[in-house]
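Below is one structure, written out as structure tokens; the observations come after it.
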Protein chains: 2
Amino acid sequence: MDLNERKLRILQAIISDFIYSAEPVGSRTLSKKYDMGISPATIRNEMSDLEEMGFLTHPHTSAGRVPSDKAYRLYVDNLMKKYEVTEEEKKLIAEKLTSNVIEMEKTIQHAASLLSELTKLTAFAMTPKPETDRIRYIRLMPVDDATVILMIVADSGKVSNTALKISVPYNEEGLEIIAKTMTYNYKGKSITEALKLDIIKSFESDLEAMSRLAQNIMPNFLRTLESMLDVNLYMDGLTNIFSFPEYNDIDKAKVFLQMMDKKDYFRDILINRDNGVIITIGDENSDEVIKDCSLVTATYHVDGKLVGKIGVIGPKRMKYDEVTSIIEYITENLSNTFKLPGGSE
Amino acid sequence: MDLNERKLRILQAIISDFIYSAEPVGSRTLSKKYDMGISPATIRNEMSDLEEMGFLTHPHTSAGRVPSDKAYRLYVDNLMKKYEVTEEEKKLIAEKLTSNVIEMEKTIQHAASLLSELTKLTAFAMTPKPETDRIRYIRLMPVDDATVILMIVADSGKVSNTALKISVPYNEEGLEIIAKTMTYNYKGKSITEALKLDIIKSFESDLEAMSRLAQNIMPNFLRTLESMLDVNLYMDGLTNIFSFPEYNDIDKAKVFLQMMDKKDYFRDILINRDNGVIITIGDENSDEVIKDCSLVTATYHVDGKLVGKIGVIGPKRMKYDEVTSIIEYITENLSNTFKLPGGSE
DNA sequence: TGTTAGCACTCTCTGTGGGTGAGTGCTAAC
DNA sequence: GTTAGCACTCACCCACAGAGAGTGCTAACA
């Protein structure tokens with residue numbers, strides 16, 4: 001059977017209407033509302049064909065038609081018109097994302113909040129996977145007799161610090177020597193490489209006091225490095241799903257929210273997605289629990305290299321045109337904000 | 001009318017049963033299950049008295065009795081037995097809270113997660129209000145030609161850093177002089193005091209280059225100080241409310257979750273609560289939206305001074321004995337972990 | 001006088017069955 | 001190929017009856 005122009009027009013109308021109303025679309029409504037110049041009966045015949053071709057389904061015999069995953073895919077790939085981000089939206093995005101950038105993490109959090117506000121969906125943002133981030137330098141600074149602050153600065157601009165409890169006496173020079181030695185050994189190494197390195201020997205030849213101080217510091221240094229590898233996931237607009245009639249069912253809402261609550265689980269889903277703007281619709285999602293959702297994700301860059309993700313999750317009948325344009329625009333802004341050292345945590 | 005011993009026993013049984021079952025308690029069930037040695041009819045008479053005294057209510061004529069807020073209050077103040085935190089629970093708390101303390105914020109987050117896990121309620125934890133925290137020192141460290149890291153260390157051990165974009169040429173000595181001058185001026189001042197101070201003049205007398213560098217740095221310094229005043233609120237176990245039959249109603253669940261989603265609103269509720277272990281039951285809560293919840297909060301200390309809050313929110317029929325004991329135990333552990341400089345962000 | 005058995009009454013909850021309306025699918029005519 | 005007509009289907013709403021849990025009152029009992 002042929003997917004001719006009239007069938008496409010009908011399909012498009014059904015998808016638009018269903019995205020808007022969440023109600024199965026009937027032939028009569030269609031012919032009245034969209035003024036297609038053909039009678040309901042003709043539309044019914046076409047609908048029946050479209051159903052046979054797998055683009056429409058039927059919740060039950062006497063209900064209207066509902067687009068299938070295949071239909072949404074066709075819509076996203078071919079039918080959908082490009083949505084232009086409005087000036088108002090652009091202004092809001094610029095305001096929240098570029099000014100006042102004090103911490104990278106805060107900015108990423110704001111991006112999620114903004115995205116959920118603009119799309120009225122549940123949004124999330126993931127900090128970059130810093131595996132390839134390289135160590136720039138390490139500092140040790142005394143606070144008091146028993147406390148030292150360890151600071152690690154990476155190429156991306158990420159800074160991590162930890163207050164260490166030190167059980168041996170020390171002085172500022174000793175700290176400086178250790179920090180310099182560490183910087184010398186770790187500079188230019190990625191965090192994952194650094195974790196494999198064993199430099200504790202470097203200190204053994206020196207004075208014993210120094211060696212003991214270093215032994216006090218190193219385990220904490222490694223733990224701090226490890227924590228730098230953590231990927232944080234922020235969510236916003238969780239309760240937005242309540243505005244969709246498909247989640248008026250308590251069990252559906254419960255399953256959705258419990259899934260989003262398991263951040264580790266959801267993080268894994270995100271990590272395994274490809275880069276760029278990716279849309280997965282319903283059954284296209286490999287994870288059982290989100291098989292009646294659509295997921296739209298995109299990637300932003302930090303320092304031109306590290307890759308973070310941002311996106312939305314919601315019912316399959318989302319406004320794909322708006323959502324993708326807005327996400328694209330936000331990721332561009334984020335990438336610009338995080339371009340090369342500066343403007344980061 | 002007198003609240004005699006038998007009435008108390010009946011009331012206690014009703015409260016226990018209702019906390020467990022969430023079903024209105026009838027006279028027959030009570031006499032069978034709790035073996036009180038009196039007949040249902042007698043119990044009915046007593047129940048009727050208890051209702052008149054305001055301790056019980058009636059959802060409708062032919063339903064059993066439900067404890068009123070006044071009954072819960074009596075239970076919490078007088079009837080409830082002290083719950084002993086089990087060895088297992090203690091072990092879990094010790095594991096999650098004392099070991100591996102790299103960042104204060106992470107530990108506080110863990111505390112919330114732990115609390116929700118142990119109580120099966122929605123838990124939250126608020127970082128301390130750092131108004132009285134005092135600045136210990138300020139450092140400026142070069143990253144590259146256009147980036148400098150600003151680091152502020154406070155007495156509590158809290159460390160805040162920001163990467164600044166610098167638009168004028170500079171050298172390490174210049175940074176050090178400015179950092180020393182800033183430390184000299186700000187050391188010992190609380191953050192709120194520091195925000196009111198205007199030290200930009202201190203740099204005017206010096207070389208012009210220095211003055212321009214300082215003018216590059218100061219606005220960002222103030223913004224970083226401001227961000228140090230932020231109080232973070234972490235939540236965990238939001239979806240636990242789905243396990244309570246009283247939230248099987250989609251609208252109830254929605255209202256609850258939307259309320260918790262408005263973090264600023266909820267943060268304000270917490271900030272206004274007194275210190276120590278505080279239980280507020282139903283109508284005792286001044287905020288309309290949580291009038292059918294109970295809120296249990298407690299305070300922990302950082303550096304022996306700063307005060308953070310942690311607690312749970314849930315239906316009025318919560319296991320107050322368990323909840324209060326566990327919260328108390330966790331706050332003790334937190335306060336110990338955060339005792340004086342060390343073990344913090 | 002306090003306690004208990006008995007009984008009528010109340011109210012929720014569940015299941016059932018008819019009516020309504022939106023929509024389909026088929027057939028026959030245009 | 002398109003359309004009008006019509007029988008048929010199915011979800012949804014509503015009313016109604018019966019069951020079950022529980023109360024409140026009364027009268028009898030220790």
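Residues are referred to by chain and number: the chain letter is A, B, ... according to the order shown in the structure tokens, the number counts from 1 in that chain, and ligands are numbered separately from 1 in the order shown.
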
Inset, instruction - Would you list the contacts of Glu173 (chain B) as a ChimeraX atom specification, taking every protein, DNA or RNA residue within 12 Å and counting only C-alpha atoms (C1' of nucleotides), but skipping same-chain residues closer than 2 positions in sequence? - result: /B:139-142,170-171,175-180,210,213

Output C-alpha atoms for every residue in that selection, as a compact mmCIF listing (two decimals), in the first residue's frame.
# COMPACT_ATOMS: atom_id res chain seq x y z
CA ARG B 139 43.42 32.64 48.49
CA LEU B 140 43.81 33.49 44.84
CA MET B 141 45.50 30.98 42.57
CA PRO B 142 46.33 31.37 38.89
CA TYR B 170 48.36 39.83 36.24
CA ASN B 171 51.11 37.90 37.99
CA LEU B 175 47.30 37.92 43.35
CA GLU B 176 49.02 37.08 46.56
CA ILE B 177 49.08 40.67 47.72
CA ILE B 178 45.39 41.05 47.00
CA ALA B 179 44.56 37.76 48.73
CA LYS B 180 46.60 38.80 51.78
CA MET B 210 46.75 46.30 41.15
CA LEU B 213 42.99 43.59 39.14

Inset, instruction - Could you list the residues in chain C lying within 9 Å of chain B, using only C-alpha atoms (C1' of nucleotides), and format the result as a PyMOL selection string? - result: chain C and resi 3-5+10-12

For the residues in that selection, give me N, CA and C atoms (P, O5', C5', C4', C3', O3' and C1' of nucleotides) as an mmCIF file, in the first residue's frame.
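Result file is selection08.cif:
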data_model
loop_
_atom_site.group_PDB
_atom_site.id
_atom_site.type_symbol
_atom_site.label_atom_id
_atom_site.label_comp_id
_atom_site.auth_asym_id
_atom_site.auth_seq_id
_atom_site.Cartn_x
_atom_site.Cartn_y
_atom_site.Cartn_z
ATOM 1 P P DT C 3 -17.674 -1.155 84.188
ATOM 2 O "O5'" DT C 3 -18.578 -2.348 83.650
ATOM 3 C "C5'" DT C 3 -18.584 -3.577 84.373
ATOM 4 C "C4'" DT C 3 -19.439 -4.570 83.631
ATOM 5 C "C3'" DT C 3 -19.078 -4.768 82.155
ATOM 6 O "O3'" DT C 3 -18.887 -6.151 81.922
ATOM 7 C "C1'" DT C 3 -21.401 -4.427 82.405
ATOM 8 P P DT C 4 -18.313 -6.657 80.507
ATOM 9 O "O5'" DT C 4 -19.650 -7.183 79.843
ATOM 10 C "C5'" DT C 4 -20.421 -8.173 80.525
ATOM 11 C "C4'" DT C 4 -21.732 -8.372 79.819
ATOM 12 C "C3'" DT C 4 -21.637 -8.619 78.313
ATOM 13 O "O3'" DT C 4 -22.292 -9.838 78.010
ATOM 14 C "C1'" DT C 4 -23.299 -7.026 78.792
ATOM 15 P P DA C 5 -21.905 -10.643 76.687
ATOM 16 O "O5'" DA C 5 -23.353 -10.799 76.061
ATOM 17 C "C5'" DA C 5 -24.402 -11.332 76.860
ATOM 18 C "C4'" DA C 5 -25.730 -11.053 76.196
ATOM 19 C "C3'" DA C 5 -25.777 -11.330 74.687
ATOM 20 O "O3'" DA C 5 -26.958 -12.068 74.404
ATOM 21 C "C1'" DA C 5 -26.430 -9.093 75.113
ATOM 22 P P DT C 10 -31.448 4.946 60.182
ATOM 23 O "O5'" DT C 10 -29.883 5.174 59.961
ATOM 24 C "C5'" DT C 10 -29.020 5.397 61.067
ATOM 25 C "C4'" DT C 10 -27.601 5.354 60.573
ATOM 26 C "C3'" DT C 10 -27.429 5.886 59.162
ATOM 27 O "O3'" DT C 10 -26.326 6.766 59.159
ATOM 28 C "C1'" DT C 10 -26.486 3.729 59.337
ATOM 29 P P DC C 11 -26.219 7.882 58.004
ATOM 30 O "O5'" DC C 11 -24.964 7.326 57.213
ATOM 31 C "C5'" DC C 11 -23.773 7.003 57.935
ATOM 32 C "C4'" DC C 11 -22.936 6.066 57.104
ATOM 33 C "C3'" DC C 11 -22.903 6.436 55.613
ATOM 34 O "O3'" DC C 11 -21.574 6.505 55.205
ATOM 35 C "C1'" DC C 11 -23.324 4.150 55.910
ATOM 36 P P DT C 12 -21.169 7.132 53.784
ATOM 37 O "O5'" DT C 12 -20.077 6.049 53.333
ATOM 38 C "C5'" DT C 12 -19.090 5.601 54.274
ATOM 39 C "C4'" DT C 12 -18.573 4.244 53.839
ATOM 40 C "C3'" DT C 12 -18.079 4.195 52.398
ATOM 41 O "O3'" DT C 12 -16.823 3.552 52.376
ATOM 42 C "C1'" DT C 12 -19.674 2.488 52.764
#

Inset, instruction - Please give the complete set of residues from region 77-221 of chain A that DSSP, run on the backbone, assigns to alpha helix (DSSP H), formatted as a ChimeraX atom specification. - result: /A:87-97,104-119,172-186,191-196,208-221

Legend entry - Non-local contacts of region 226-237 of chain A (9 Å; only C-alpha atoms (C1' of nucleotides); under 3 positions in same chain excluded) as a PyMOL selection string: (chain A and resi 105+108-109+112-117+120-131+158-160+191-192+195+221-223+240-241+260+263-264+266-267) or (chain B and resi 102+261)

Taking a cut-off of 7 Å and counting only C-alpha atoms (C1' of nucleotides), can you build a table that, for each residue of chain D near chain A, reports the nearest atom pair and how far apart they are in Å (one decimal), sorted by chain then residue number, as a tab-separated table?
residue	atom	partner	partner_atom	distance
D:DT2	C1'	A:Thr42	CA	6.7
D:DT3	C1'	A:Ala41	CA	6.7
D:DT9	C1'	A:Ser62	CA	5.7
D:DC10	C1'	A:Ser62	CA	5.7

Restricting it to N, CA and C atoms (P, O5', C5', C4', C3', O3' and C1' of nucleotides), dump the selection as an mmCIF file, in the first residue's frame.
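File produced: result_32.cif:
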data_model
loop_
_atom_site.group_PDB
_atom_site.id
_atom_site.type_symbol
_atom_site.label_atom_id
_atom_site.label_comp_id
_atom_site.auth_asym_id
_atom_site.auth_seq_id
_atom_site.Cartn_x
_atom_site.Cartn_y
_atom_site.Cartn_z
ATOM 1 P P DT D 2 -11.067 9.054 -3.426
ATOM 2 O "O5'" DT D 2 -12.611 9.312 -3.177
ATOM 3 C "C5'" DT D 2 -13.284 10.252 -3.991
ATOM 4 C "C4'" DT D 2 -14.723 10.342 -3.555
ATOM 5 C "C3'" DT D 2 -14.934 10.606 -2.059
ATOM 6 O "O3'" DT D 2 -15.758 11.754 -1.923
ATOM 7 C "C1'" DT D 2 -16.283 8.794 -2.781
ATOM 8 P P DT D 3 -16.004 12.408 -0.517
ATOM 9 O "O5'" DT D 3 -17.446 11.857 -0.158
ATOM 10 C "C5'" DT D 3 -18.505 12.080 -1.067
ATOM 11 C "C4'" DT D 3 -19.715 11.254 -0.674
ATOM 12 C "C3'" DT D 3 -20.136 11.403 0.800
ATOM 13 O "O3'" DT D 3 -21.487 11.819 0.825
ATOM 14 C "C1'" DT D 3 -20.107 9.126 0.140
ATOM 15 P P DT D 9 -21.920 -6.380 17.862
ATOM 16 O "O5'" DT D 9 -20.752 -5.473 18.449
ATOM 17 C "C5'" DT D 9 -19.724 -5.006 17.588
ATOM 18 C "C4'" DT D 9 -18.861 -4.032 18.357
ATOM 19 C "C3'" DT D 9 -18.671 -4.384 19.829
ATOM 20 O "O3'" DT D 9 -17.305 -4.241 20.123
ATOM 21 C "C1'" DT D 9 -19.452 -2.171 19.626
ATOM 22 P P DC D 10 -16.644 -5.103 21.284
ATOM 23 O "O5'" DC D 10 -16.340 -3.962 22.346
ATOM 24 C "C5'" DC D 10 -15.562 -2.847 21.926
ATOM 25 C "C4'" DC D 10 -15.860 -1.671 22.795
ATOM 26 C "C3'" DC D 10 -15.874 -1.983 24.296
ATOM 27 O "O3'" DC D 10 -14.913 -1.164 24.908
ATOM 28 C "C1'" DC D 10 -17.690 -0.607 23.679
#

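The coordinates place CA of Val148 (chain B) at 18.7 Å from CA of Thr98 (chain A).
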
Taking only C-alpha atoms into account, produce a table as a Markdown table in which each residue of chain A with an atom at most 9 Å from an atom of chain B appears once, together with its shortest atom pair and the distance in Å to one decimal, ordered by chain and rising number.
| residue | atom | partner | partner_atom | distance |
| --- | --- | --- | --- | --- |
| A:Asn100 | CA | B:Arg223 | CA | 8.3 |
| A:Ile102 | CA | B:Thr162 | CA | 6.0 |
| A:Glu103 | CA | B:Thr162 | CA | 6.6 |
| A:Arg136 | CA | B:Val143 | CA | 8.2 |
| A:Tyr137 | CA | B:Val143 | CA | 8.7 |
| A:Val143 | CA | B:Arg136 | CA | 8.2 |
| A:Asp144 | CA | B:Pro341 | CA | 8.1 |
| A:Ala146 | CA | B:Gly342 | CA | 7.6 |
| A:Thr147 | CA | B:Gly342 | CA | 5.8 |
| A:Val148 | CA | B:Gly342 | CA | 8.2 |
| A:Ile149 | CA | B:Val159 | CA | 8.7 |
| A:Val153 | CA | B:Val143 | CA | 8.3 |
| A:Asp155 | CA | B:Val143 | CA | 8.8 |
| A:Gly157 | CA | B:Ala163 | CA | 7.1 |
| A:Lys158 | CA | B:Ala163 | CA | 8.6 |
| A:Val159 | CA | B:Asn161 | CA | 7.5 |
| A:Ser160 | CA | B:Asn161 | CA | 8.8 |
| A:Asn161 | CA | B:Glu345 | CA | 7.1 |
| A:Thr162 | CA | B:Glu345 | CA | 5.7 |
| A:Ala163 | CA | B:Gly342 | CA | 5.8 |
| A:Leu164 | CA | B:Gly342 | CA | 6.4 |
| A:Lys165 | CA | B:Gly342 | CA | 5.7 |
| A:Asn220 | CA | B:Ile102 | CA | 8.2 |
| A:Arg223 | CA | B:Ile102 | CA | 7.9 |
| A:Thr224 | CA | B:Ile102 | CA | 7.1 |
| A:Ser227 | CA | B:Ile102 | CA | 8.5 |
| A:Asp236 | CA | B:Asp261 | CA | 8.5 |
| A:Gly237 | CA | B:Asp261 | CA | 7.8 |
| A:Leu238 | CA | B:Asp261 | CA | 7.7 |
| A:Thr239 | CA | B:Gln258 | CA | 6.0 |
| A:Asn240 | CA | B:Gln258 | CA | 8.8 |
| A:Phe242 | CA | B:Lys254 | CA | 7.0 |
| A:Asn248 | CA | B:Ile250 | CA | 6.8 |
| A:Asp249 | CA | B:Ile250 | CA | 7.2 |
| A:Ile250 | CA | B:Ile250 | CA | 5.4 |
| A:Asp251 | CA | B:Asn248 | CA | 8.9 |
| A:Ala253 | CA | B:Ile250 | CA | 8.5 |
| A:Lys254 | CA | B:Phe242 | CA | 6.9 |
| A:Leu257 | CA | B:Thr239 | CA | 6.7 |
| A:Gln258 | CA | B:Thr239 | CA | 5.9 |
| A:Asp261 | CA | B:Thr239 | CA | 7.3 |
| A:Pro341 | CA | B:Thr147 | CA | 6.8 |
| A:Gly342 | CA | B:Lys165 | CA | 5.7 |
| A:Gly343 | CA | B:Ala163 | CA | 6.0 |
| A:Ser344 | CA | B:Ala163 | CA | 5.8 |
| A:Glu345 | CA | B:Thr162 | CA | 5.6 |

Inset, instruction - Would you mind writing down, as a PyMOL selection string, each residue of region 163-314 of chain A that DSSP on the backbone assigns to strand (DSSP E)? - result: chain A and resi 163-165+233-236+278-281+293-302+306-314

Legend entry - Residues near region 49-57 of chain B, cut-off 6 Å, only C-alpha atoms (C1' of nucleotides), skip fewer than 2 positions along chain, as a count of residues only: 8

Each residue of region 66-106 of chain A with at least one atom at most 12 Å from region 294-298 of chain A should appear once, together with its nearest atom pair and the corresponding distance in Å (one decimal); atoms considered: only C-alpha atoms; ordering: chain, then increasing residue number; output as a Markdown table.
| residue | atom | partner | partner_atom | distance |
| --- | --- | --- | --- | --- |
| A:Asp69 | CA | A:Ser294 | CA | 9.6 |
| A:Tyr72 | CA | A:Ser294 | CA | 10.0 |
| A:Arg73 | CA | A:Ser294 | CA | 10.7 |
| A:Val76 | CA | A:Val296 | CA | 11.4 |
